[in-house]
file run-v5.pdb (PDB, C-alpha atoms and all ligand atoms)
MODEL        1
ATOM      1  CA  MET A   1      14.186  -6.016  -1.778
ATOM      2  CA  ILE A   2      13.703  -2.285  -2.383
ATOM      3  CA  PRO A   3      10.406  -0.500  -1.524
ATOM      4  CA  LEU A   4       8.735   1.731  -4.130
ATOM      5  CA  MET A   5       5.493   3.756  -4.027
ATOM      6  CA  ILE A   6       3.843   3.304  -7.425
ATOM      7  CA  ASP A   7       0.954   5.272  -8.936
ATOM      8  CA  PHE A   8      -1.295   2.532 -10.371
ATOM      9  CA  THR A   9      -3.863   4.923 -11.862
ATOM     10  CA  GLY A  10      -4.691   3.691 -15.373
ATOM     11  CA  LYS A  11      -2.440   0.635 -14.962
ATOM     12  CA  LYS A  12      -3.655  -2.918 -15.412
ATOM     13  CA  VAL A  13      -3.268  -5.534 -12.664
ATOM     14  CA  ILE A  14      -4.139  -9.131 -13.556
ATOM     15  CA  ILE A  15      -4.923 -11.576 -10.751
ATOM     16  CA  PHE A  16      -5.138 -15.338 -11.314
ATOM     17  CA  GLY A  17      -7.250 -17.061  -8.654
ATOM     18  CA  GLY A  18     -10.551 -15.914  -7.173
ATOM     19  CA  GLY A  19     -10.236 -17.387  -3.654
ATOM     20  CA  VAL A  20      -9.835 -15.617  -0.290
ATOM     21  CA  ILE A  21      -6.275 -14.605  -1.135
ATOM     22  CA  GLY A  22      -7.220 -13.439  -4.653
ATOM     23  CA  ALA A  23      -9.973 -11.323  -3.066
ATOM     24  CA  ARG A  24      -7.540  -9.764  -0.548
ATOM     25  CA  LYS A  25      -5.118  -8.862  -3.335
ATOM     26  CA  ALA A  26      -7.993  -7.553  -5.513
ATOM     27  CA  ARG A  27      -9.086  -5.223  -2.689
ATOM     28  CA  TYR A  28      -5.512  -3.978  -2.298
ATOM     29  CA  PHE A  29      -5.460  -2.648  -5.896
ATOM     30  CA  ALA A  30      -9.166  -2.113  -6.733
ATOM     31  CA  TYR A  31      -9.422   1.554  -5.752
ATOM     32  CA  GLU A  32      -6.559   2.737  -7.967
ATOM     33  CA  ALA A  33      -5.683   0.237 -10.707
ATOM     34  CA  ASP A  34      -7.691  -1.382 -13.483
ATOM     35  CA  VAL A  35      -8.005  -4.913 -12.039
ATOM     36  CA  LEU A  36      -8.982  -8.054 -13.965
ATOM     37  CA  VAL A  37      -9.329 -11.400 -12.150
ATOM     38  CA  TYR A  38      -9.267 -14.751 -13.965
ATOM     39  CA  SER A  39     -10.496 -17.837 -12.127
ATOM     40  CA  ARG A  40     -12.763 -20.834 -12.509
ATOM     41  CA  SER A  41     -14.616 -19.840  -9.300
ATOM     42  CA  PHE A  42     -14.976 -16.659  -7.260
ATOM     43  CA  HIS A  43     -15.277 -16.130  -3.482
ATOM     44  CA  PRO A  44     -18.549 -14.309  -2.540
ATOM     45  CA  GLU A  45     -16.447 -11.302  -1.375
ATOM     46  CA  PHE A  46     -15.887 -10.425  -5.040
ATOM     47  CA  GLN A  47     -19.474  -9.107  -5.191
ATOM     48  CA  GLU A  48     -18.296  -6.124  -3.108
ATOM     49  CA  ILE A  49     -14.936  -5.471  -4.782
ATOM     50  CA  PRO A  50     -15.019  -3.171  -7.854
ATOM     51  CA  VAL A  51     -12.929  -5.310 -10.228
ATOM     52  CA  ARG A  52     -13.620  -7.117 -13.497
ATOM     53  CA  THR A  53     -13.882 -10.899 -13.224
ATOM     54  CA  GLU A  54     -13.658 -13.507 -15.971
ATOM     55  CA  VAL A  55     -14.435 -17.183 -15.502
ATOM     56  CA  CYS A  56     -11.804 -19.412 -17.089
ATOM     57  CA  ASN A  57     -10.145 -22.769 -16.600
ATOM     58  CA  LEU A  58      -6.390 -22.240 -16.790
ATOM     59  CA  THR A  59      -4.566 -25.165 -18.373
ATOM     60  CA  GLY A  60      -1.008 -23.965 -17.803
ATOM     61  CA  ASP A  61      -0.273 -23.354 -21.506
ATOM     62  CA  LEU A  62       2.604 -20.855 -21.430
ATOM     63  CA  GLU A  63       1.728 -19.182 -24.763
ATOM     64  CA  ILE A  64      -1.905 -18.639 -23.682
ATOM     65  CA  LEU A  65      -0.702 -17.190 -20.368
ATOM     66  CA  ARG A  66       1.733 -14.839 -22.157
ATOM     67  CA  ASN A  67      -1.133 -13.587 -24.359
ATOM     68  CA  MET A  68      -3.369 -13.012 -21.337
ATOM     69  CA  ILE A  69      -0.826 -10.906 -19.453
ATOM     70  CA  HIS A  70       0.939  -8.975 -22.207
ATOM     71  CA  ASP A  71      -0.639  -5.567 -21.389
ATOM     72  CA  ALA A  72      -0.441  -5.846 -17.563
ATOM     73  CA  SER A  73       1.863  -3.765 -15.339
ATOM     74  CA  LEU A  74       1.639  -6.295 -12.517
ATOM     75  CA  VAL A  75       0.456  -9.896 -12.313
ATOM     76  CA  ILE A  76      -0.585 -11.785  -9.188
ATOM     77  CA  ALA A  77      -0.511 -15.574  -9.178
ATOM     78  CA  ALA A  78      -2.966 -16.530  -6.414
ATOM     79  CA  THR A  79      -4.448 -19.816  -7.541
ATOM     80  CA  SER A  80      -4.414 -22.795  -5.163
ATOM     81  CA  ASP A  81      -2.099 -24.651  -7.592
ATOM     82  CA  PRO A  82       1.572 -23.795  -6.830
ATOM     83  CA  GLU A  83       2.751 -25.315 -10.149
ATOM     84  CA  LEU A  84       0.306 -23.152 -12.090
ATOM     85  CA  ASN A  85       1.428 -20.108 -10.085
ATOM     86  CA  GLU A  86       5.042 -20.857 -11.009
ATOM     87  CA  LEU A  87       4.110 -21.125 -14.706
ATOM     88  CA  ILE A  88       2.365 -17.746 -14.443
ATOM     89  CA  GLU A  89       5.563 -16.403 -12.873
ATOM     90  CA  SER A  90       7.645 -17.789 -15.801
ATOM     91  CA  ALA A  91       5.267 -16.199 -18.317
ATOM     92  CA  CYS A  92       5.751 -12.869 -16.507
ATOM     93  CA  ALA A  93       9.541 -13.223 -16.541
ATOM     94  CA  ARG A  94       9.423 -13.750 -20.334
ATOM     95  CA  GLU A  95       7.157 -10.726 -20.829
ATOM     96  CA  HIS A  96       9.213  -8.591 -18.372
ATOM     97  CA  ILE A  97       6.164  -8.027 -16.154
ATOM     98  CA  TRP A  98       6.402  -7.749 -12.356
ATOM     99  CA  CYS A  99       4.860 -10.751 -10.589
ATOM    100  CA  ASN A 100       3.627 -11.497  -7.062
ATOM    101  CA  VAL A 101       3.189 -15.169  -6.200
ATOM    102  CA  ALA A 102       0.851 -16.114  -3.327
ATOM    103  CA  ALA A 103       1.958 -19.730  -3.131
ATOM    104  CA  GLY A 104       4.862 -21.406  -4.902
ATOM    105  CA  LYS A 105       8.306 -20.069  -5.838
ATOM    106  CA  ARG A 106       8.506 -16.397  -4.741
ATOM    107  CA  GLY A 107       7.974 -13.807  -7.489
ATOM    108  CA  ASP A 108       9.744 -10.437  -7.708
ATOM    109  CA  VAL A 109       7.072  -8.404  -5.847
ATOM    110  CA  VAL A 110       5.842  -8.742  -2.247
ATOM    111  CA  LEU A 111       2.733  -6.956  -0.961
ATOM    112  CA  PRO A 112       3.405  -5.136   2.292
ATOM    113  CA  ALA A 113       1.212  -4.435   5.298
ATOM    114  CA  LYS A 114      -0.049  -0.935   4.510
ATOM    115  CA  ILE A 115      -1.209   2.111   6.457
ATOM    116  CA  SER A 116      -2.437   5.084   4.489
ATOM    117  CA  GLY A 117      -4.190   8.391   4.995
ATOM    118  CA  ASN A 118      -4.968  11.342   2.747
ATOM    119  CA  ARG A 119      -1.358  12.531   2.750
ATOM    120  CA  TYR A 120       0.813   9.473   3.456
ATOM    121  CA  VAL A 121       1.402   5.816   2.877
ATOM    122  CA  ILE A 122       3.539   3.530   5.056
ATOM    123  CA  ALA A 123       4.460   0.009   3.998
ATOM    124  CA  VAL A 124       6.002  -2.741   6.139
ATOM    125  CA  SER A 125       7.480  -5.982   4.880
ATOM    126  CA  THR A 126       9.624  -8.840   6.124
ATOM    127  CA  SER A 127      10.535  -9.524   2.462
ATOM    128  CA  GLY A 128       8.026 -12.355   2.522
ATOM    129  CA  SER A 129       9.403 -14.056   5.621
ATOM    130  CA  VAL A 130       6.870 -13.659   8.487
ATOM    131  CA  PRO A 131       3.827 -11.559   7.471
ATOM    132  CA  ALA A 132       2.452 -11.749  11.009
ATOM    133  CA  VAL A 133       5.414  -9.554  12.069
ATOM    134  CA  SER A 134       4.514  -7.019   9.352
ATOM    135  CA  ARG A 135       1.010  -6.921  10.767
ATOM    136  CA  LEU A 136       2.350  -6.438  14.328
ATOM    137  CA  VAL A 137       4.520  -3.479  13.211
ATOM    138  CA  ARG A 138       1.579  -1.971  11.269
ATOM    139  CA  GLU A 139      -0.623  -2.154  14.366
ATOM    140  CA  GLU A 140       2.101  -0.528  16.520
ATOM    141  CA  ILE A 141       2.553   2.327  13.998
ATOM    142  CA  GLU A 142      -1.227   2.867  13.874
ATOM    143  CA  LYS A 143      -1.263   3.173  17.675
ATOM    144  CA  THR A 144       1.741   5.538  17.766
ATOM    145  CA  PHE A 145       0.581   7.833  14.953
ATOM    146  CA  PRO A 146      -3.207   8.147  14.963
ATOM    147  CA  ASP A 147      -2.723  11.802  13.908
ATOM    148  CA  LEU A 148      -0.305  11.573  10.965
ATOM    149  CA  ASP A 149      -2.527  13.434   8.485
ATOM    150  CA  ASP A 150      -2.867  16.300  10.977
ATOM    151  CA  LEU A 151       0.890  16.371  11.660
ATOM    152  CA  ILE A 152       1.527  16.652   7.916
ATOM    153  CA  LEU A 153      -1.069  19.439   7.608
ATOM    154  CA  LEU A 154       0.617  21.276  10.466
ATOM    155  CA  GLY A 155       4.000  20.892   8.729
ATOM    156  CA  GLU A 156       2.516  22.317   5.506
ATOM    157  CA  TRP A 157       1.111  25.257   7.476
ATOM    158  CA  ILE A 158       4.544  26.012   9.026
ATOM    159  CA  ARG A 159       6.203  25.815   5.590
ATOM    160  CA  ASP A 160       3.595  28.199   4.142
ATOM    161  CA  ILE A 161       4.292  30.684   6.933
ATOM    162  CA  TYR A 162       8.021  30.637   6.106
ATOM    163  CA  ARG A 163       7.304  30.980   2.376
ATOM    164  CA  GLY A 164       5.338  34.150   3.135
ATOM    165  CA  ASP A 165       6.763  37.196   4.902
ATOM    166  CA  ARG A 166       5.406  36.402   8.384
ATOM    167  CA  ALA A 167       8.300  34.377   9.878
ATOM    168  CA  GLY A 168       9.463  34.214  13.516
ATOM    169  CA  THR A 169      13.017  34.548  14.813
ATOM    170  CA  GLU A 170      13.871  30.815  14.674
ATOM    171  CA  SER A 171      14.804  29.163  11.362
ATOM    172  CA  TYR A 172      12.261  27.077   9.414
ATOM    173  CA  ASP A 173      14.153  23.808  10.116
ATOM    174  CA  THR A 174      14.370  24.490  13.857
ATOM    175  CA  VAL A 175      10.665  25.257  14.135
ATOM    176  CA  LEU A 176       9.560  22.334  11.955
ATOM    177  CA  TYR A 177      11.654  19.651  13.660
ATOM    178  CA  THR A 178      11.014  20.976  17.180
ATOM    179  CA  VAL A 179       7.261  21.103  16.590
ATOM    180  CA  LEU A 180       7.115  17.583  15.117
ATOM    181  CA  ARG A 181       9.103  16.090  18.018
ATOM    182  CA  ASP A 182       7.308  18.028  20.760
ATOM    183  CA  PRO A 183       4.785  15.902  22.733
ATOM    184  CA  GLU A 184       2.878  19.122  23.489
ATOM    185  CA  THR A 185       2.137  19.480  19.756
ATOM    186  CA  ARG A 186       0.531  16.042  19.716
ATOM    187  CA  LYS A 187      -1.449  16.890  22.851
ATOM    188  CA  ALA A 188      -2.664  20.151  21.288
ATOM    189  CA  LEU A 189      -3.636  18.262  18.109
ATOM    190  CA  THR A 190      -6.062  16.113  20.095
ATOM    191  CA  ASN A 191      -8.020  19.363  20.567
ATOM    192  CA  GLY A 192      -7.990  20.093  16.835
ATOM    193  CA  MET A 193      -5.844  21.842  14.239
ATOM    194  CA  ASN A 194      -6.638  25.345  15.516
ATOM    195  CA  ALA A 195      -5.430  24.458  19.025
ATOM    196  CA  ALA A 196      -2.188  23.058  17.573
ATOM    197  CA  ARG A 197      -1.594  26.158  15.434
ATOM    198  CA  GLU A 198      -2.188  28.441  18.414
ATOM    199  CA  TYR A 199       0.313  26.402  20.456
ATOM    200  CA  VAL A 200       2.972  26.651  17.718
ATOM    201  CA  GLN A 201       2.363  30.394  17.232
ATOM    202  CA  ARG A 202       2.708  31.025  20.966
ATOM    203  CA  ARG A 203       5.839  28.891  21.361
ATOM    204  CA  PHE A 204       7.706  30.396  18.392
ATOM    205  CA  ALA A 205       6.128  33.867  18.250
ATOM    206  CA  LEU A 206       5.038  33.263  14.648
TER     207      LEU A 206
HETATM  208  C1  LIG B   1       1.266  -8.007   4.934
HETATM  209  C2  LIG B   1       0.101  -8.791   4.357
HETATM  210  C3  LIG B   1      -0.495  -7.964   3.232
HETATM  211  C4  LIG B   1      -1.600  -8.663   2.467
HETATM  212  O1  LIG B   1      -1.417  -9.707   1.862
HETATM  213  O2  LIG B   1      -2.703  -8.093   2.520
HETATM  214  C5  LIG B   1       0.629 -10.115   3.927
HETATM  215  N1  LIG B   1       0.189 -11.091   4.682
HETATM  216  C6  LIG B   1      -0.597 -10.620   5.665
HETATM  217  C7  LIG B   1      -1.050 -11.352   6.775
HETATM  218  C8  LIG B   1      -0.830 -12.742   7.039
HETATM  219  N2  LIG B   1      -0.586 -13.681   6.111
HETATM  220  C9  LIG B   1      -0.474 -14.899   6.741
HETATM  221  C10 LIG B   1      -0.722 -14.742   8.118
HETATM  222  C11 LIG B   1      -0.803 -15.883   9.140
HETATM  223  C12 LIG B   1       0.446 -15.958   9.955
HETATM  224  C13 LIG B   1       1.680 -16.430   9.195
HETATM  225  O3  LIG B   1       1.653 -17.551   8.617
HETATM  226  O4  LIG B   1       2.691 -15.694   9.216
HETATM  227  C14 LIG B   1      -0.888 -13.382   8.315
HETATM  228  C15 LIG B   1      -1.085 -12.630   9.606
HETATM  229  C16 LIG B   1      -2.508 -12.358   9.916
HETATM  230  O5  LIG B   1      -3.397 -12.421   9.056
HETATM  231  O6  LIG B   1      -2.692 -12.086  11.084
HETATM  232  C17 LIG B   1      -0.191 -16.193   6.086
HETATM  233  C18 LIG B   1       0.803 -16.201   4.995
HETATM  234  N3  LIG B   1       1.168 -15.162   4.178
HETATM  235  C19 LIG B   1       2.085 -15.593   3.268
HETATM  236  C20 LIG B   1       2.262 -16.972   3.458
HETATM  237  C21 LIG B   1       3.068 -17.838   2.535
HETATM  238  C22 LIG B   1       4.505 -17.877   2.959
HETATM  239  O7  LIG B   1       4.886 -17.306   3.999
HETATM  240  O8  LIG B   1       5.223 -18.492   2.190
HETATM  241  C23 LIG B   1       1.477 -17.351   4.558
HETATM  242  C24 LIG B   1       1.400 -18.686   5.235
HETATM  243  C25 LIG B   1       0.355 -19.507   4.488
HETATM  244  C26 LIG B   1       0.330 -20.922   4.989
HETATM  245  O9  LIG B   1       1.345 -21.600   4.801
HETATM  246  O10 LIG B   1      -0.697 -21.275   5.546
HETATM  247  C27 LIG B   1       2.752 -14.809   2.298
HETATM  248  C28 LIG B   1       2.702 -13.436   2.145
HETATM  249  N4  LIG B   1       1.939 -12.596   2.880
HETATM  250  C29 LIG B   1       2.288 -11.319   2.551
HETATM  251  C30 LIG B   1       1.580 -10.218   2.931
HETATM  252  C31 LIG B   1       3.496 -11.277   1.746
HETATM  253  C32 LIG B   1       4.719 -11.075   2.647
HETATM  254  C33 LIG B   1       4.645  -9.825   3.522
HETATM  255  C34 LIG B   1       5.894  -9.573   4.264
HETATM  256  O11 LIG B   1       6.917  -9.346   3.598
HETATM  257  O12 LIG B   1       5.897  -9.536   5.498
HETATM  258  C35 LIG B   1       3.476 -12.656   1.113
HETATM  259  C36 LIG B   1       4.829 -13.208   0.765
HETATM  260  C37 LIG B   1       2.614 -12.706  -0.121
HETATM  261  C38 LIG B   1       2.586 -11.457  -0.920
HETATM  262  O13 LIG B   1       3.598 -11.018  -1.428
HETATM  263  O14 LIG B   1       1.487 -10.946  -1.021
HETATM  264  C39 LIG B   1      -0.925  -9.203   5.423
HETATM  265  C40 LIG B   1      -0.874  -8.355   6.699
HETATM  266  C41 LIG B   1      -2.025  -7.411   6.622
HETATM  267  C42 LIG B   1      -2.112  -6.618   7.842
HETATM  268  O15 LIG B   1      -1.533  -5.528   7.842
HETATM  269  O16 LIG B   1      -2.837  -7.025   8.756
HETATM  270  N1  LIG B   2       0.062 -14.856   0.029
HETATM  271  C1  LIG B   2      -0.574 -15.001   1.128
HETATM  272  O1  LIG B   2      -0.742 -14.053   1.884
HETATM  273  C2  LIG B   2      -1.164 -16.344   1.456
HETATM  274  C3  LIG B   2      -1.728 -16.543   2.693
HETATM  275  C4  LIG B   2      -2.343 -17.770   2.951
HETATM  276  C5  LIG B   2      -2.360 -18.750   1.951
HETATM  277  N2  LIG B   2      -1.754 -18.526   0.754
HETATM  278  C6  LIG B   2      -1.785 -19.532  -0.356
HETATM  279  O2  LIG B   2      -2.396 -18.904  -1.511
HETATM  280  C7  LIG B   2      -3.102 -19.860  -2.307
HETATM  281  C8  LIG B   2      -4.525 -19.376  -2.565
HETATM  282  O3  LIG B   2      -5.223 -19.374  -1.352
HETATM  283  P1  LIG B   2      -6.815 -19.240  -1.293
HETATM  284  O4  LIG B   2      -7.187 -19.357   0.138
HETATM  285  O5  LIG B   2      -7.263 -18.046  -2.045
HETATM  286  O6  LIG B   2      -7.262 -20.585  -2.077
HETATM  287  P2  LIG B   2      -8.701 -20.949  -2.675
HETATM  288  O7  LIG B   2      -8.693 -22.418  -2.914
HETATM  289  O8  LIG B   2      -9.767 -20.336  -1.851
HETATM  290  O9  LIG B   2      -8.732 -20.189  -4.075
HETATM  291  C9  LIG B   2      -7.982 -20.581  -5.188
HETATM  292  C10 LIG B   2      -8.648 -20.069  -6.430
HETATM  293  O10 LIG B   2      -7.865 -20.457  -7.559
HETATM  294  C11 LIG B   2      -8.758 -20.922  -8.578
HETATM  295  N3  LIG B   2      -8.059 -21.885  -9.425
HETATM  296  C12 LIG B   2      -7.270 -22.904  -9.018
HETATM  297  N4  LIG B   2      -6.826 -23.577 -10.100
HETATM  298  C13 LIG B   2      -7.338 -22.964 -11.194
HETATM  299  C14 LIG B   2      -7.253 -23.184 -12.598
HETATM  300  N5  LIG B   2      -6.542 -24.205 -13.121
HETATM  301  N6  LIG B   2      -7.912 -22.330 -13.429
HETATM  302  C15 LIG B   2      -8.635 -21.314 -12.927
HETATM  303  N7  LIG B   2      -8.772 -21.064 -11.619
HETATM  304  C16 LIG B   2      -8.124 -21.875 -10.758
HETATM  305  C17 LIG B   2      -9.912 -21.555  -7.824
HETATM  306  O11 LIG B   2     -11.079 -21.616  -8.645
HETATM  307  C18 LIG B   2     -10.070 -20.630  -6.637
HETATM  308  O12 LIG B   2     -10.949 -19.570  -6.942
HETATM  309  C19 LIG B   2      -3.070 -21.154  -1.501
HETATM  310  O13 LIG B   2      -2.079 -21.984  -2.098
HETATM  311  C20 LIG B   2      -2.661 -20.748  -0.107
HETATM  312  O14 LIG B   2      -1.911 -21.726   0.565
HETATM  313  C21 LIG B   2      -1.167 -17.360   0.493
ENDMDL
END
call {"tool": "encode", "arguments": {"input": "run-v5.pdb", "output": "structure tokens"}}
result
Amino acid sequence: MIPLMIDFTGKKVIIFGGGVIGARKARYFAYEADVLVYSRSFHPEFQEIPVRTEVCNLTGDLEILRNMIHDASLVIAATSDPELNELIESACAREHIWCNVAAGKRGDVVLPAKISGNRYVIAVSTSGSVPAVSRLVREEIEKTFPDLDDLILLGEWIRDIYRGDRAGTESYDTVLYTVLRDPETRKALTNGMNAAREYVQRRFAL
């Protein structure tokens, strides 16, 4: 499997199944994509998730399914019926639409454990094998990098200095990589961005 970061703005995601899993998947996409959920019942959590919901009883008719999904960029089969999920997956294959299957034969998309900030997104997957391991790795990354947004901001600041005419004696690459790997930078960041900038300026005479 190959990871991709996709901009879902303006793209349609169709979810079949309104249970706990359907709700988790709906929340994953709700704040970027246009999400529509079909199900005969909906978990109470859906009241707090900004997605469209439509009550329907899916019969497993392939032609009806193909009509329902034709304008979607991604489909998620999250009903409690593995056979129905597999039919949804077949309809997607015929329409050339990416499909994630919550239970049943694996589709061609897996949702990763995700960490994101204003300036980054990190995704972890075991290619569907042991999601609990993905969660463990996510939690470890969160502990190791509580300051990623600030580190990125600091990197942007160093780049801007080198784009202007106020550069120190060391090269841009040397300064950037030394600063990012320096534990003192991270310590200074705990006292705020200004403290970190002062530390970098002092160390590299910028
Ligand atoms: C990452 C995360 C994202 C999300 O969904 O939000 C996610 N599962 C998470 C947690 C989690 N899920 C489960 C447990 C209980 C422990 C366990 O059983 O392992 C835990 C751990 C926990 O909750 O602590 C149960 C489980 N999950 C799947 C199955 C079916 C199977 O394995 O066949 C079963 C067994 C059901 C059963 O038989 O009862 C399947 C999938 N779960 C995936 C994603 C995809 C593969 C991801 C990968 O490649 O690693 C995939 C294939 C579906 C997909 O593509 O969406 C999210 C972590 C969020 C976080 O960061 O905390
Ligand atoms: N992918 C994962 O991360 C993961 C984790 C745990 C479990 N699962 C599996 O995912 C599946 C869904 O789990 P859940 O907890 O959300 O189940 P659930 O029973 O809470 O929800 C299933 C939903 O599908 C709907 N549904 C079922 N058949 C339908 C039909 N014919 N027409 C319309 N709607 C229909 C139900 O109304 C319900 O809203 C289960 O098979 C479960 O084992 C997946």
call {"tool": "residues_around", "arguments": {"input": "run-v5.pdb", "residues": "A:His96", "least_positions_apart": "6", "cutoff": "12 Å", "atoms": "all atoms listed in the file", "output": "number ranges by chain"}}
result
A: 66, 69-75, 89-90, 108
call {"tool": "residues_around", "arguments": {"input": "run-v5.pdb", "residues": "A:Met1", "least_positions_apart": "5", "cutoff": "12 Å", "atoms": "all atoms listed in the file", "output": "list in words"}}
result
Gly107, Asp108, Val109, Val110, Leu111, Pro112, Val124, Ser125, Thr126, Ser127, Gly128 and Ser129 of chain A
call {"tool": "write_last_selection", "arguments": {"input": "run-v5.pdb", "atoms": "C-alpha atoms", "output": "mmCIF file, keeping the file's coordinate frame"}}
result
data_model
loop_
_atom_site.group_PDB
_atom_site.id
_atom_site.type_symbol
_atom_site.label_atom_id
_atom_site.label_comp_id
_atom_site.auth_asym_id
_atom_site.auth_seq_id
_atom_site.Cartn_x
_atom_site.Cartn_y
_atom_site.Cartn_z
ATOM 1 C CA GLY A 107 7.974 -13.807 -7.489
ATOM 2 C CA ASP A 108 9.744 -10.437 -7.708
ATOM 3 C CA VAL A 109 7.072 -8.404 -5.847
ATOM 4 C CA VAL A 110 5.842 -8.742 -2.247
ATOM 5 C CA LEU A 111 2.733 -6.956 -0.961
ATOM 6 C CA PRO A 112 3.405 -5.136 2.292
ATOM 7 C CA VAL A 124 6.002 -2.741 6.139
ATOM 8 C CA SER A 125 7.480 -5.982 4.880
ATOM 9 C CA THR A 126 9.624 -8.840 6.124
ATOM 10 C CA SER A 127 10.535 -9.524 2.462
ATOM 11 C CA GLY A 128 8.026 -12.355 2.522
ATOM 12 C CA SER A 129 9.403 -14.056 5.621
#
call {"tool": "atom_distance", "arguments": {"input": "run-v5.pdb", "atom1": "atom C4 of ligand LIG 1 (chain B)", "atom2": "atom CA of A:Ala113"}}
result
5.8 Å
call {"tool": "closest_residue", "arguments": {"input": "run-v5.pdb", "among": "A:Glu32, A:Glu139, A:Asp81, A:Glu54", "to": "ligand LIG 2 (chain B)", "atoms": "all atoms listed in the file"}}
result
A:Asp81
call {"tool": "resolve_selection", "arguments": {"input": "run-v5.pdb", "expression": "the PyMOL selection byres (((not hetatm)) within 12 of (chain B and resi 1))", "output": "ChimeraX atom specification"}}
result
/A:1-3,15,20-29,75-78,80,82,98-116,122-142
call {"tool": "resolve_selection", "arguments": {"input": "run-v5.pdb", "expression": "the PyMOL selection byres (((chain A and resi 37) around 9) and not hetatm)", "output": "MDAnalysis selection string"}}
result
chainID A and resid 13:18 22 26 35:36 38:39 51:55
call {"tool": "atom_distance", "arguments": {"input": "run-v5.pdb", "atom1": "atom CA of A:Ile97", "atom2": "atom CA of A:Ile6"}}
result
14.5 Å
call {"tool": "axis_aligned_box", "arguments": {"input": "run-v5.pdb", "around": "stretch 174-177 of chain A", "padding_each_side": "3 Å", "output": "AutoDock Vina command-line options"}}
result
--center_x 12.0 --center_y 22.5 --center_z 13.0 --size_x 10.8 --size_y 11.6 --size_z 8.2
call {"tool": "resolve_selection", "arguments": {"input": "run-v5.pdb", "expression": "the PyMOL selection byres (((chain A and resi 188-196) around 9) and not hetatm)", "output": "list in words"}}
result
Asp147, Asp150, Leu151, Leu153, Leu154, Pro183, Glu184, Thr185, Arg186, Lys187, Arg197, Glu198, Tyr199, Val200 and Gln201 of chain A
call {"tool": "write_last_selection", "arguments": {"input": "run-v5.pdb", "atoms": "C-alpha atoms", "output": "PDB file, keeping the file's coordinate frame"}}
result
ATOM      1  CA  ASP A 147      -2.723  11.802  13.908  1.00  0.00           C
ATOM      2  CA  ASP A 150      -2.867  16.300  10.977  1.00  0.00           C
ATOM      3  CA  LEU A 151       0.890  16.371  11.660  1.00  0.00           C
ATOM      4  CA  LEU A 153      -1.069  19.439   7.608  1.00  0.00           C
ATOM      5  CA  LEU A 154       0.617  21.276  10.466  1.00  0.00           C
ATOM      6  CA  PRO A 183       4.785  15.902  22.733  1.00  0.00           C
ATOM      7  CA  GLU A 184       2.878  19.122  23.489  1.00  0.00           C
ATOM      8  CA  THR A 185       2.137  19.480  19.756  1.00  0.00           C
ATOM      9  CA  ARG A 186       0.531  16.042  19.716  1.00  0.00           C
ATOM     10  CA  LYS A 187      -1.449  16.890  22.851  1.00  0.00           C
ATOM     11  CA  ARG A 197      -1.594  26.158  15.434  1.00  0.00           C
ATOM     12  CA  GLU A 198      -2.188  28.441  18.414  1.00  0.00           C
ATOM     13  CA  TYR A 199       0.313  26.402  20.456  1.00  0.00           C
ATOM     14  CA  VAL A 200       2.972  26.651  17.718  1.00  0.00           C
ATOM     15  CA  GLN A 201       2.363  30.394  17.232  1.00  0.00           C
TER      16      GLN A 201
END
call {"tool": "atom_distance", "arguments": {"input": "run-v5.pdb", "atom1": "atom C20 of ligand LIG 2 (chain B)", "atom2": "atom CA of A:Thr79"}}
result
7.7 Å
call {"tool": "closest_residue", "arguments": {"input": "run-v5.pdb", "among": "A:Asp149, A:Asp165, A:Glu86, A:Glu170", "to": "ligand LIG 2 (chain B)", "atoms": "only C-alpha atoms and all ligand atoms"}}
result
A:Glu86
call {"tool": "residues_around", "arguments": {"input": "run-v5.pdb", "residues": "A:Lys11", "least_positions_apart": "2", "cutoff": "6 Å", "atoms": "only C-alpha atoms", "output": "list in words"}}
result
Phe8, Thr9, Ala33 and Asp34 of chain A
call {"tool": "residues_around", "arguments": {"input": "run-v5.pdb", "residues": "A:Ile152", "least_positions_apart": "4", "cutoff": "8 Å", "atoms": "all atoms listed in the file", "output": "PDB file with C-alpha atoms, in the frame of the given file"}}
result
ATOM      1  CA  ARG A 119      -1.358  12.531   2.750  1.00  0.00           C
ATOM      2  CA  LEU A 148      -0.305  11.573  10.965  1.00  0.00           C
ATOM      3  CA  GLU A 156       2.516  22.317   5.506  1.00  0.00           C
TER       4      GLU A 156
END
call {"tool": "closest_residue", "arguments": {"input": "run-v5.pdb", "among": "A:Cys56, A:Asp173, A:Ile161, A:Glu45", "to": "A:Ala205", "atoms": "only C-alpha atoms"}}
result
A:Ile161
call {"tool": "closest_residue", "arguments": {"input": "run-v5.pdb", "among": "A:His43, A:Lys12, A:Arg159, A:Lys143", "to": "A:Ala30", "atoms": "only C-alpha atoms"}}
result
A:Lys12
call {"tool": "closest_residue", "arguments": {"input": "run-v5.pdb", "among": "A:Arg40, A:Arg163, A:Arg181, A:Arg203", "to": "ligand LIG 2 (chain B)", "atoms": "only C-alpha atoms and all ligand atoms"}}
result
A:Arg40
call {"tool": "closest_residue", "arguments": {"input": "run-v5.pdb", "among": "A:Gly19, A:Pro50, A:Pro44, A:Gly10", "to": "ligand LIG 2 (chain B)", "atoms": "all atoms listed in the file"}}
result
A:Gly19
